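**Student:** File name upload09.pdb; file contents PDB, C-alpha atoms, pLDDT in the B column; full text below.
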```pdb
ATOM      1  CA  MET A   1       4.989  23.914   8.170  1.00 72.00           C
ATOM      2  CA  ALA A   2       5.633  20.885   5.973  1.00 86.00           C
ATOM      3  CA  ASP A   3       2.721  18.576   5.227  1.00 97.00           C
ATOM      4  CA  TYR A   4       4.330  15.144   5.580  1.00 98.00           C
ATOM      5  CA  ALA A   5       3.209  11.973   3.815  1.00 98.00           C
ATOM      6  CA  LEU A   6       4.898   8.660   4.645  1.00 99.00           C
ATOM      7  CA  VAL A   7       4.893   5.925   1.980  1.00 99.00           C
ATOM      8  CA  THR A   8       6.190   2.417   2.610  1.00 98.00           C
ATOM      9  CA  GLY A   9       7.415   0.352  -0.331  1.00 98.00           C
ATOM     10  CA  ALA A  10       8.048   3.604  -2.195  1.00 98.00           C
ATOM     11  CA  ALA A  11      11.162   2.678  -4.181  1.00 98.00           C
ATOM     12  CA  ARG A  12       9.538   1.418  -7.364  1.00 97.00           C
ATOM     13  CA  ASN A  13       6.350   0.300  -9.106  1.00 97.00           C
ATOM     14  CA  ILE A  14       3.110   1.319  -7.345  1.00 98.00           C
ATOM     15  CA  GLY A  15       4.895   2.836  -4.350  1.00 98.00           C
ATOM     16  CA  LYS A  16       7.048   5.012  -6.578  1.00 98.00           C
ATOM     17  CA  ALA A  17       4.007   6.251  -8.492  1.00 98.00           C
ATOM     18  CA  ILE A  18       2.288   7.092  -5.212  1.00 98.00           C
ATOM     19  CA  ALA A  19       5.328   9.008  -3.970  1.00 98.00           C
ATOM     20  CA  ALA A  20       5.507  10.941  -7.247  1.00 98.00           C
ATOM     21  CA  ARG A  21       1.810  11.836  -7.128  1.00 98.00           C
ATOM     22  CA  LEU A  22       1.994  12.942  -3.503  1.00 98.00           C
ATOM     23  CA  LYS A  23       4.985  15.147  -4.246  1.00 98.00           C
ATOM     24  CA  ALA A  24       3.028  16.677  -7.125  1.00 98.00           C
ATOM     25  CA  ASP A  25       0.108  17.193  -4.724  1.00 98.00           C
ATOM     26  CA  GLY A  26       2.367  19.314  -2.559  1.00 98.00           C
ATOM     27  CA  TYR A  27       3.240  16.952   0.270  1.00 98.00           C
ATOM     28  CA  THR A  28       6.716  16.438   1.688  1.00 98.00           C
ATOM     29  CA  VAL A  29       7.254  12.732   1.046  1.00 98.00           C
ATOM     30  CA  LEU A  30       9.075  10.292   3.314  1.00 98.00           C
ATOM     31  CA  MET A  31       9.923   6.933   1.741  1.00 98.00           C
ATOM     32  CA  LEU A  32      10.671   3.597   3.415  1.00 98.00           C
ATOM     33  CA  ASP A  33      11.821   0.575   1.418  1.00 98.00           C
ATOM     34  CA  ILE A  34      14.333  -2.260   1.431  1.00 98.00           C
ATOM     35  CA  ILE A  35      15.866  -1.105  -1.870  1.00 98.00           C
ATOM     36  CA  GLU A  36      17.131   2.279  -2.986  1.00 98.00           C
ATOM     37  CA  PRO A  37      14.466   4.406  -4.708  1.00 98.00           C
ATOM     38  CA  GLU A  38      14.542   4.608  -8.483  1.00 98.00           C
ATOM     39  CA  ASP A  39      13.925   8.353  -8.130  1.00 98.00           C
ATOM     40  CA  ALA A  40      15.615   9.795  -5.053  1.00 97.00           C
ATOM     41  CA  SER A  41      14.237  13.246  -5.848  1.00 98.00           C
ATOM     42  CA  LEU A  42      10.744  12.259  -4.747  1.00 98.00           C
ATOM     43  CA  GLY A  43      11.478  12.663  -1.049  1.00 98.00           C
ATOM     44  CA  GLU A  44      13.575  11.752   1.967  1.00 98.00           C
ATOM     45  CA  PHE A  45      14.449   8.061   2.086  1.00 98.00           C
ATOM     46  CA  MET A  46      15.377   5.504   4.724  1.00 98.00           C
ATOM     47  CA  LYS A  47      16.430   1.999   3.761  1.00 98.00           C
ATOM     48  CA  VAL A  48      14.731  -0.558   5.991  1.00 98.00           C
ATOM     49  CA  ASP A  49      13.599  -4.172   6.086  1.00 98.00           C
ATOM     50  CA  LEU A  50       9.987  -3.686   7.129  1.00 98.00           C
ATOM     51  CA  SER A  51       9.631  -7.401   7.838  1.00 98.00           C
ATOM     52  CA  SER A  52      11.936  -6.837  10.828  1.00 98.00           C
ATOM     53  CA  GLN A  53      10.216  -5.318  13.837  1.00 98.00           C
ATOM     54  CA  THR A  54      13.486  -3.918  15.177  1.00 98.00           C
ATOM     55  CA  SER A  55      14.575  -2.350  11.877  1.00 98.00           C
ATOM     56  CA  THR A  56      11.117  -0.915  11.360  1.00 98.00           C
ATOM     57  CA  ALA A  57      11.185   0.695  14.800  1.00 98.00           C
ATOM     58  CA  GLN A  58      14.509   2.351  13.995  1.00 98.00           C
ATOM     59  CA  ALA A  59      13.224   3.698  10.678  1.00 98.00           C
ATOM     60  CA  LEU A  60      10.072   5.012  12.313  1.00 98.00           C
ATOM     61  CA  ALA A  61      12.119   6.802  14.969  1.00 98.00           C
ATOM     62  CA  TRP A  62      13.871   8.606  12.108  1.00 98.00           C
ATOM     63  CA  ALA A  63      10.630   9.358  10.248  1.00 98.00           C
ATOM     64  CA  THR A  64       8.796  10.787  13.250  1.00 98.00           C
ATOM     65  CA  ASP A  65      11.719  12.767  14.677  1.00 98.00           C
ATOM     66  CA  GLN A  66      10.490  16.381  14.719  1.00 96.00           C
ATOM     67  CA  ARG A  67       8.017  15.586  11.941  1.00 98.00           C
ATOM     68  CA  GLN A  68       4.236  15.609  12.294  1.00 98.00           C
ATOM     69  CA  ILE A  69       3.116  12.983   9.796  1.00 98.00           C
ATOM     70  CA  THR A  70      -0.583  13.291   9.022  1.00 98.00           C
ATOM     71  CA  ARG A  71      -0.758  11.150   5.894  1.00 98.00           C
ATOM     72  CA  LEU A  72       0.294   7.516   5.596  1.00 99.00           C
ATOM     73  CA  VAL A  73       0.257   5.016   2.739  1.00 99.00           C
ATOM     74  CA  ASN A  74       1.032   1.439   3.735  1.00 99.00           C
ATOM     75  CA  CYS A  75       2.088   0.027   0.370  1.00 98.00           C
ATOM     76  CA  ALA A  76       5.014  -2.326   1.060  1.00 98.00           C
ATOM     77  CA  GLY A  77       4.242  -5.946   0.266  1.00 96.00           C
ATOM     78  CA  ILE A  78       5.504  -9.250  -1.030  1.00 95.00           C
ATOM     79  CA  ALA A  79       3.795 -12.275  -2.542  1.00 93.00           C
ATOM     80  CA  ALA A  80       4.524 -15.964  -2.951  1.00 91.00           C
ATOM     81  CA  VAL A  81       2.921 -18.364  -5.401  1.00 92.00           C
ATOM     82  CA  SER A  82       2.171 -21.675  -3.711  1.00 94.00           C
ATOM     83  CA  ALA A  83      -0.631 -24.208  -3.914  1.00 96.00           C
ATOM     84  CA  ILE A  84      -2.050 -25.023  -0.493  1.00 97.00           C
ATOM     85  CA  ASP A  85      -0.010 -28.254  -0.258  1.00 97.00           C
ATOM     86  CA  ASP A  86       3.192 -26.283  -0.812  1.00 96.00           C
ATOM     87  CA  VAL A  87       2.623 -23.396   1.599  1.00 96.00           C
ATOM     88  CA  THR A  88       5.312 -23.328   4.275  1.00 98.00           C
ATOM     89  CA  PHE A  89       4.966 -21.577   7.593  1.00 98.00           C
ATOM     90  CA  GLU A  90       8.218 -19.759   6.885  1.00 97.00           C
ATOM     91  CA  GLU A  91       6.586 -18.293   3.766  1.00 96.00           C
ATOM     92  CA  PHE A  92       3.422 -17.451   5.681  1.00 98.00           C
ATOM     93  CA  ASP A  93       5.254 -15.771   8.550  1.00 98.00           C
ATOM     94  CA  ARG A  94       7.462 -13.752   6.190  1.00 97.00           C
ATOM     95  CA  ILE A  95       4.493 -12.431   4.214  1.00 98.00           C
ATOM     96  CA  MET A  96       2.430 -11.657   7.296  1.00 98.00           C
ATOM     97  CA  ALA A  97       5.365  -9.833   8.910  1.00 98.00           C
ATOM     98  CA  LEU A  98       5.668  -7.418   6.007  1.00 98.00           C
ATOM     99  CA  ASN A  99       2.136  -7.238   4.647  1.00 98.00           C
ATOM    100  CA  VAL A 100       0.339  -7.077   8.004  1.00 98.00           C
ATOM    101  CA  ARG A 101       2.586  -6.532  11.015  1.00 98.00           C
ATOM    102  CA  SER A 102       4.486  -3.635   9.449  1.00 98.00           C
ATOM    103  CA  TYR A 103       1.174  -1.915   8.628  1.00 98.00           C
ATOM    104  CA  ILE A 104       0.222  -2.063  12.300  1.00 99.00           C
ATOM    105  CA  GLN A 105       3.632  -0.919  13.510  1.00 99.00           C
ATOM    106  CA  VAL A 106       3.898   2.005  11.081  1.00 99.00           C
ATOM    107  CA  THR A 107       0.346   3.123  11.806  1.00 99.00           C
ATOM    108  CA  GLN A 108       0.933   3.030  15.561  1.00 98.00           C
ATOM    109  CA  ALA A 109       3.933   5.317  15.104  1.00 98.00           C
ATOM    110  CA  VAL A 110       2.088   8.064  13.222  1.00 98.00           C
ATOM    111  CA  LEU A 111      -1.280   8.020  14.962  1.00 98.00           C
ATOM    112  CA  PRO A 112      -0.222  10.213  17.918  1.00 98.00           C
ATOM    113  CA  ALA A 113       0.578  13.130  15.597  1.00 98.00           C
ATOM    114  CA  MET A 114      -2.677  12.645  13.722  1.00 98.00           C
ATOM    115  CA  ARG A 115      -4.650  12.642  16.952  1.00 98.00           C
ATOM    116  CA  ARG A 116      -2.917  15.803  18.163  1.00 98.00           C
ATOM    117  CA  ALA A 117      -3.774  17.501  14.875  1.00 98.00           C
ATOM    118  CA  HIS A 118      -7.278  16.015  14.922  1.00 98.00           C
ATOM    119  CA  PHE A 119      -6.587  15.211  11.294  1.00 98.00           C
ATOM    120  CA  GLY A 120      -5.142  12.206   9.531  1.00 98.00           C
ATOM    121  CA  ARG A 121      -5.420  10.172   6.366  1.00 99.00           C
ATOM    122  CA  ILE A 122      -4.357   6.521   6.162  1.00 99.00           C
ATOM    123  CA  VAL A 123      -4.499   4.389   3.012  1.00 99.00           C
ATOM    124  CA  ASN A 124      -3.696   0.686   3.100  1.00 99.00           C
ATOM    125  CA  ILE A 125      -2.967  -1.236  -0.094  1.00 98.00           C
ATOM    126  CA  SER A 126      -4.952  -4.463  -0.132  1.00 98.00           C
ATOM    127  CA  SER A 127      -5.505  -6.618  -3.236  1.00 96.00           C
ATOM    128  CA  ARG A 128      -8.173  -8.033  -5.486  1.00 95.00           C
ATOM    129  CA  SER A 129      -6.867 -11.437  -4.378  1.00 94.00           C
ATOM    130  CA  ILE A 130      -9.051 -11.135  -1.259  1.00 95.00           C
ATOM    131  CA  ARG A 131     -11.889 -12.350  -3.492  1.00 95.00           C
ATOM    132  CA  GLY A 132      -9.971 -15.601  -3.994  1.00 93.00           C
ATOM    133  CA  TYR A 133      -7.064 -16.472  -6.253  1.00 88.00           C
ATOM    134  CA  ARG A 134      -5.371 -19.777  -6.974  1.00 93.00           C
ATOM    135  CA  LYS A 135      -1.979 -20.418  -5.359  1.00 94.00           C
ATOM    136  CA  LEU A 136      -1.963 -17.233  -3.283  1.00 93.00           C
ATOM    137  CA  THR A 137      -2.963 -18.554   0.139  1.00 97.00           C
ATOM    138  CA  SER A 138      -0.467 -16.532   2.187  1.00 97.00           C
ATOM    139  CA  TYR A 139      -0.736 -13.365   0.109  1.00 95.00           C
ATOM    140  CA  ALA A 140      -4.532 -13.403  -0.055  1.00 96.00           C
ATOM    141  CA  ALA A 141      -4.712 -14.022   3.680  1.00 98.00           C
ATOM    142  CA  SER A 142      -2.451 -11.056   4.365  1.00 98.00           C
ATOM    143  CA  LYS A 143      -4.427  -8.740   2.116  1.00 98.00           C
ATOM    144  CA  ALA A 144      -7.728  -9.858   3.659  1.00 98.00           C
ATOM    145  CA  ALA A 145      -6.212  -8.983   7.026  1.00 98.00           C
ATOM    146  CA  VAL A 146      -5.357  -5.533   5.675  1.00 98.00           C
ATOM    147  CA  LEU A 147      -9.004  -4.954   4.819  1.00 98.00           C
ATOM    148  CA  GLY A 148     -10.143  -6.109   8.251  1.00 98.00           C
ATOM    149  CA  MET A 149      -7.655  -3.812   9.948  1.00 98.00           C
ATOM    150  CA  THR A 150      -8.709  -0.909   7.747  1.00 99.00           C
ATOM    151  CA  LYS A 151     -12.332  -1.189   8.823  1.00 98.00           C
ATOM    152  CA  SER A 152     -11.410  -1.615  12.486  1.00 98.00           C
ATOM    153  CA  TRP A 153      -9.077   1.396  12.498  1.00 99.00           C
ATOM    154  CA  ALA A 154     -11.650   3.504  10.682  1.00 99.00           C
ATOM    155  CA  LEU A 155     -14.153   2.926  13.475  1.00 98.00           C
ATOM    156  CA  GLU A 156     -11.580   3.494  16.207  1.00 98.00           C
ATOM    157  CA  GLU A 157     -10.191   6.738  14.800  1.00 98.00           C
ATOM    158  CA  ALA A 158     -13.260   8.392  13.271  1.00 98.00           C
ATOM    159  CA  GLY A 159     -13.734  10.567  16.326  1.00 98.00           C
ATOM    160  CA  ASN A 160     -10.121  11.733  16.093  1.00 98.00           C
ATOM    161  CA  GLY A 161     -10.482  13.213  12.611  1.00 98.00           C
ATOM    162  CA  VAL A 162      -8.559  10.289  11.071  1.00 99.00           C
ATOM    163  CA  THR A 163      -9.890   8.420   8.049  1.00 99.00           C
ATOM    164  CA  VAL A 164      -8.675   4.954   7.069  1.00 99.00           C
ATOM    165  CA  ASN A 165      -9.373   3.439   3.664  1.00 99.00           C
ATOM    166  CA  ALA A 166      -8.033   0.652   1.468  1.00 99.00           C
ATOM    167  CA  ILE A 167      -7.356   0.146  -2.215  1.00 98.00           C
ATOM    168  CA  ALA A 168      -7.470  -3.220  -3.971  1.00 98.00           C
ATOM    169  CA  PRO A 169      -5.498  -3.078  -7.222  1.00 98.00           C
ATOM    170  CA  GLY A 170      -6.339  -5.332 -10.113  1.00 95.00           C
ATOM    171  CA  PRO A 171      -3.737  -6.211 -12.786  1.00 96.00           C
ATOM    172  CA  ILE A 172      -1.186  -3.389 -12.674  1.00 97.00           C
ATOM    173  CA  ASP A 173       1.834  -3.122 -14.967  1.00 96.00           C
ATOM    174  CA  THR A 174       4.558  -3.744 -12.372  1.00 93.00           C
ATOM    175  CA  ASP A 175       7.790  -5.722 -12.472  1.00 89.00           C
ATOM    176  CA  MET A 176       5.996  -8.721 -11.003  1.00 82.00           C
ATOM    177  CA  LEU A 177       3.217  -8.683 -13.593  1.00 87.00           C
ATOM    178  CA  ARG A 178       5.678  -8.263 -16.459  1.00 89.00           C
ATOM    179  CA  VAL A 179       7.465 -11.421 -15.330  1.00 82.00           C
ATOM    180  CA  ALA A 180       4.220 -13.388 -15.061  1.00 80.00           C
ATOM    181  CA  GLN A 181       2.613 -11.848 -18.165  1.00 85.00           C
ATOM    182  CA  PRO A 182       5.396 -10.665 -20.535  1.00 88.00           C
ATOM    183  CA  GLU A 183       4.646  -8.069 -23.196  1.00 90.00           C
ATOM    184  CA  GLY A 184       3.291  -9.762 -26.316  1.00 91.00           C
ATOM    185  CA  SER A 185       2.678 -13.107 -24.617  1.00 93.00           C
ATOM    186  CA  PRO A 186      -0.552 -15.061 -25.215  1.00 93.00           C
ATOM    187  CA  SER A 187      -1.277 -15.000 -21.481  1.00 91.00           C
ATOM    188  CA  ARG A 188      -1.055 -11.198 -21.385  1.00 93.00           C
ATOM    189  CA  LYS A 189      -3.347 -10.942 -24.403  1.00 95.00           C
ATOM    190  CA  THR A 190      -5.877 -13.195 -22.669  1.00 95.00           C
ATOM    191  CA  LEU A 191      -5.674 -11.127 -19.505  1.00 94.00           C
ATOM    192  CA  ILE A 192      -6.327  -7.887 -21.367  1.00 96.00           C
ATOM    193  CA  GLU A 193      -9.328  -9.449 -23.091  1.00 96.00           C
ATOM    194  CA  GLN A 194     -10.818 -10.211 -19.666  1.00 95.00           C
ATOM    195  CA  ILE A 195     -10.528  -6.609 -18.439  1.00 96.00           C
ATOM    196  CA  PRO A 196     -13.652  -4.595 -19.351  1.00 97.00           C
ATOM    197  CA  VAL A 197     -11.762  -1.347 -19.995  1.00 97.00           C
ATOM    198  CA  GLY A 198      -9.437  -3.220 -22.365  1.00 97.00           C
ATOM    199  CA  ARG A 199      -6.060  -2.490 -20.820  1.00 97.00           C
ATOM    200  CA  ILE A 200      -3.766  -3.377 -17.947  1.00 97.00           C
ATOM    201  CA  GLY A 201      -3.661  -0.804 -15.186  1.00 98.00           C
ATOM    202  CA  GLN A 202      -0.752   1.525 -14.570  1.00 98.00           C
ATOM    203  CA  PRO A 203       0.789   2.419 -11.203  1.00 98.00           C
ATOM    204  CA  ASP A 204      -0.527   5.967 -11.733  1.00 98.00           C
ATOM    205  CA  ASP A 205      -4.066   4.554 -11.610  1.00 98.00           C
ATOM    206  CA  ILE A 206      -3.453   3.460  -8.025  1.00 98.00           C
ATOM    207  CA  ALA A 207      -1.692   6.717  -7.172  1.00 98.00           C
ATOM    208  CA  ASN A 208      -4.735   8.651  -8.353  1.00 98.00           C
ATOM    209  CA  ALA A 209      -7.004   6.718  -5.996  1.00 98.00           C
ATOM    210  CA  VAL A 210      -4.566   7.229  -3.130  1.00 99.00           C
ATOM    211  CA  SER A 211      -4.532  10.967  -3.826  1.00 98.00           C
ATOM    212  CA  PHE A 212      -8.317  11.095  -3.454  1.00 98.00           C
ATOM    213  CA  PHE A 213      -8.325   9.311  -0.103  1.00 99.00           C
ATOM    214  CA  LEU A 214      -5.515  11.522   1.269  1.00 98.00           C
ATOM    215  CA  ASP A 215      -7.167  14.787   0.298  1.00 98.00           C
ATOM    216  CA  LYS A 216      -8.374  16.972   3.165  1.00 98.00           C
ATOM    217  CA  ARG A 217     -11.754  17.138   1.408  1.00 98.00           C
ATOM    218  CA  SER A 218     -12.255  13.353   1.710  1.00 98.00           C
ATOM    219  CA  GLY A 219     -13.091  13.426   5.396  1.00 98.00           C
ATOM    220  CA  PHE A 220     -16.545  11.864   4.971  1.00 98.00           C
ATOM    221  CA  VAL A 221     -15.117   8.689   3.424  1.00 98.00           C
ATOM    222  CA  THR A 222     -13.682   6.122   5.829  1.00 99.00           C
ATOM    223  CA  GLY A 223     -13.560   2.353   6.247  1.00 98.00           C
ATOM    224  CA  GLN A 224     -13.994   1.824   2.513  1.00 98.00           C
ATOM    225  CA  LEU A 225     -12.366  -0.493  -0.031  1.00 98.00           C
ATOM    226  CA  MET A 226     -11.874   0.847  -3.558  1.00 98.00           C
ATOM    227  CA  TYR A 227     -11.187  -1.667  -6.320  1.00 98.00           C
ATOM    228  CA  VAL A 228      -8.967  -0.175  -9.016  1.00 98.00           C
ATOM    229  CA  CYS A 229      -9.231  -3.020 -11.468  1.00 97.00           C
ATOM    230  CA  GLY A 230     -10.542  -1.835 -14.828  1.00 97.00           C
ATOM    231  CA  GLY A 231     -13.946  -3.347 -14.120  1.00 97.00           C
ATOM    232  CA  LEU A 232     -12.748  -6.906 -13.443  1.00 95.00           C
ATOM    233  CA  THR A 233     -14.525  -6.965 -10.109  1.00 94.00           C
ATOM    234  CA  VAL A 234     -17.893  -6.104 -11.634  1.00 92.00           C
ATOM    235  CA  GLY A 235     -18.405  -9.365 -13.488  1.00 70.00           C
TER
END
```
The structure given in the file should be rewritten as structure tokens.

**Tutor:**
Amino acid sequence: MADYALVTGAARNIGKAIAARLKADGYTVLMLDIIEPEDASLGEFMKVDLSSQTSTAQALAWATDQRQITRLVNCAGIAAVSAIDDVTFEEFDRIMALNVRSYIQVTQAVLPAMRRAHFGRIVNISSRSIRGYRKLTSYAASKAAVLGMTKSWALEEAGNGVTVNAIAPGPIDTDMLRVAQPEGSPSRKTLIEQIPVGRIGQPDDIANAVSFFLDKRSGFVTGQLMYVCGGLTVG
């Protein structure tokens, strides 16, 4: 029987790396995203706007149809750069719908199968911004909510054989970072100098951490937050 892993935001960047790692780990990967995947060979794909409750419900009906999903990675997310005076409630609601509400909705859809199997692994992607970051009010709030939900779900589901953990990436070489910190720019050089390991992270660094949390042997680890940040969080 197939061992299904569902990844949201799997089309590119960190989500794509996670999907690739999980395929290599032997899982049958299901991918949800609003854009077509850069590598369609990684798994079955459904295009969906996860900020829409209705569209998400339709995609989840497809994903769970005759499939017992026992591994979930909530990775989809968006950010907006705004000082507190410039934050709009439209921006806030849009970010919370995708970064928080979709995590709840997707998790609710797969939990019944995990409970029946008395086995499940859930990984939520949070962010180092929960420690505080200028001009990221809405994003940081959403990612702090992800951590709170992770801990709550871990306590609720521990008796059902389901673990729930979170990962907080530091600077990762994604499309968004390359726009903010272009290759060869002084700002990128300064950033690298601040990272103890001396480099910007790669999406595969996050995928490696996800792989650990999803492993069947990781059943004694739940409710935890792992920073994957090259040591930035230490100092």

**Student:** Could you please determine the separation between CA of Ile130 (chain A) and CA of Lys143 (chain A) in Å, to one decimal place?

**Tutor:**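 CA of Lys143 (chain A) lies at a distance of 6.2 Å from CA of Ile130 (chain A).
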
**Student:** Need the shell around Ile18 (chain A): protein/DNA/RNA residues with any atom at most 10 Å away, counting all atoms listed in the file. Skip same-chain ones fewer than 5 positions apart. Format as a count of residues only?

**Tutor:** 22

**Student:** Leaving out Ile172 (chain A) and any residue of its chain fewer than 6 positions from it, which residues lie within 6 Å of it when counting only C-alpha atoms, given as a ChimeraX atom specification?

**Tutor:** /A:200-202

**Student:** Counting all atoms listed in the file, which residues have an atom no more than 9 Å from (-9.7, -2.9, 8.0) in the file's coordinates? Please list them as a count of residues only.

**Tutor:** 18

**Student:** Spell out the residues picked by the PyMOL selection byres ((chain A and resi 159) around 12) here, as a VMD selection string.

**Tutor:** chain A and resid 114 to 115 118 to 120 153 to 158 160 to 164 219 to 220 222

**Student:** Selected residues, C-alpha atoms, written as a CSV table (one decimal), keeping the file's coordinate frame, please.

**Tutor:**
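See selection_13.csv below for the written result:
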```
chain,number,residue,atom,x,y,z
A,114,MET,CA,-2.7,12.6,13.7
A,115,ARG,CA,-4.6,12.6,17.0
A,118,HIS,CA,-7.3,16.0,14.9
A,119,PHE,CA,-6.6,15.2,11.3
A,120,GLY,CA,-5.1,12.2,9.5
A,153,TRP,CA,-9.1,1.4,12.5
A,154,ALA,CA,-11.6,3.5,10.7
A,155,LEU,CA,-14.2,2.9,13.5
A,156,GLU,CA,-11.6,3.5,16.2
A,157,GLU,CA,-10.2,6.7,14.8
A,158,ALA,CA,-13.3,8.4,13.3
A,160,ASN,CA,-10.1,11.7,16.1
A,161,GLY,CA,-10.5,13.2,12.6
A,162,VAL,CA,-8.6,10.3,11.1
A,163,THR,CA,-9.9,8.4,8.0
A,164,VAL,CA,-8.7,5.0,7.1
A,219,GLY,CA,-13.1,13.4,5.4
A,220,PHE,CA,-16.5,11.9,5.0
A,222,THR,CA,-13.7,6.1,5.8
```

**Student:** So that I can check the surroundings of region 44-50 of chain A, please list as a PDB file with C-alpha atoms, in the coordinates of the input every protein, DNA and RNA residue that reaches within 6 Å of it, counting only C-alpha atoms and ignoring chain neighbours fewer than 2 positions away.

**Tutor:**
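To be explicit, this is the file written out as part12.pdb:
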```pdb
ATOM      1  CA  LEU A  30       9.075  10.292   3.314  1.00 98.00           C
ATOM      2  CA  MET A  31       9.923   6.933   1.741  1.00 98.00           C
ATOM      3  CA  LEU A  32      10.671   3.597   3.415  1.00 98.00           C
ATOM      4  CA  ASP A  33      11.821   0.575   1.418  1.00 98.00           C
ATOM      5  CA  ILE A  34      14.333  -2.260   1.431  1.00 98.00           C
ATOM      6  CA  SER A  52      11.936  -6.837  10.828  1.00 98.00           C
ATOM      7  CA  THR A  56      11.117  -0.915  11.360  1.00 98.00           C
ATOM      8  CA  LEU A  98       5.668  -7.418   6.007  1.00 98.00           C
ATOM      9  CA  SER A 102       4.486  -3.635   9.449  1.00 98.00           C
TER      10      SER A 102
END
```

**Student:** Expanded to explicit residues, what is the PyMOL selection byres ((chain A and resi 196) around 10) for this file, as a list in words?

**Tutor:**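 Output from the PyMOL selection byres ((chain A and resi 196) around 10), applied to this file: Ile192, Glu193, Gln194, Ile195, Val197, Gly198, Arg199, Cys229, Gly230, Gly231, Leu232, Thr233, Val234 and Gly235 of chain A.
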
**Student:** Include C-alpha atoms and write out the residues we just selected as a PDB file, in the frame of the given file.

**Tutor:**
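For reference, result.pdb as written:
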```
ATOM      1  CA  ILE A 192      -6.327  -7.887 -21.367  1.00 96.00           C
ATOM      2  CA  GLU A 193      -9.328  -9.449 -23.091  1.00 96.00           C
ATOM      3  CA  GLN A 194     -10.818 -10.211 -19.666  1.00 95.00           C
ATOM      4  CA  ILE A 195     -10.528  -6.609 -18.439  1.00 96.00           C
ATOM      5  CA  VAL A 197     -11.762  -1.347 -19.995  1.00 97.00           C
ATOM      6  CA  GLY A 198      -9.437  -3.220 -22.365  1.00 97.00           C
ATOM      7  CA  ARG A 199      -6.060  -2.490 -20.820  1.00 97.00           C
ATOM      8  CA  CYS A 229      -9.231  -3.020 -11.468  1.00 97.00           C
ATOM      9  CA  GLY A 230     -10.542  -1.835 -14.828  1.00 97.00           C
ATOM     10  CA  GLY A 231     -13.946  -3.347 -14.120  1.00 97.00           C
ATOM     11  CA  LEU A 232     -12.748  -6.906 -13.443  1.00 95.00           C
ATOM     12  CA  THR A 233     -14.525  -6.965 -10.109  1.00 94.00           C
ATOM     13  CA  VAL A 234     -17.893  -6.104 -11.634  1.00 92.00           C
ATOM     14  CA  GLY A 235     -18.405  -9.365 -13.488  1.00 70.00           C
TER      15      GLY A 235
END
```
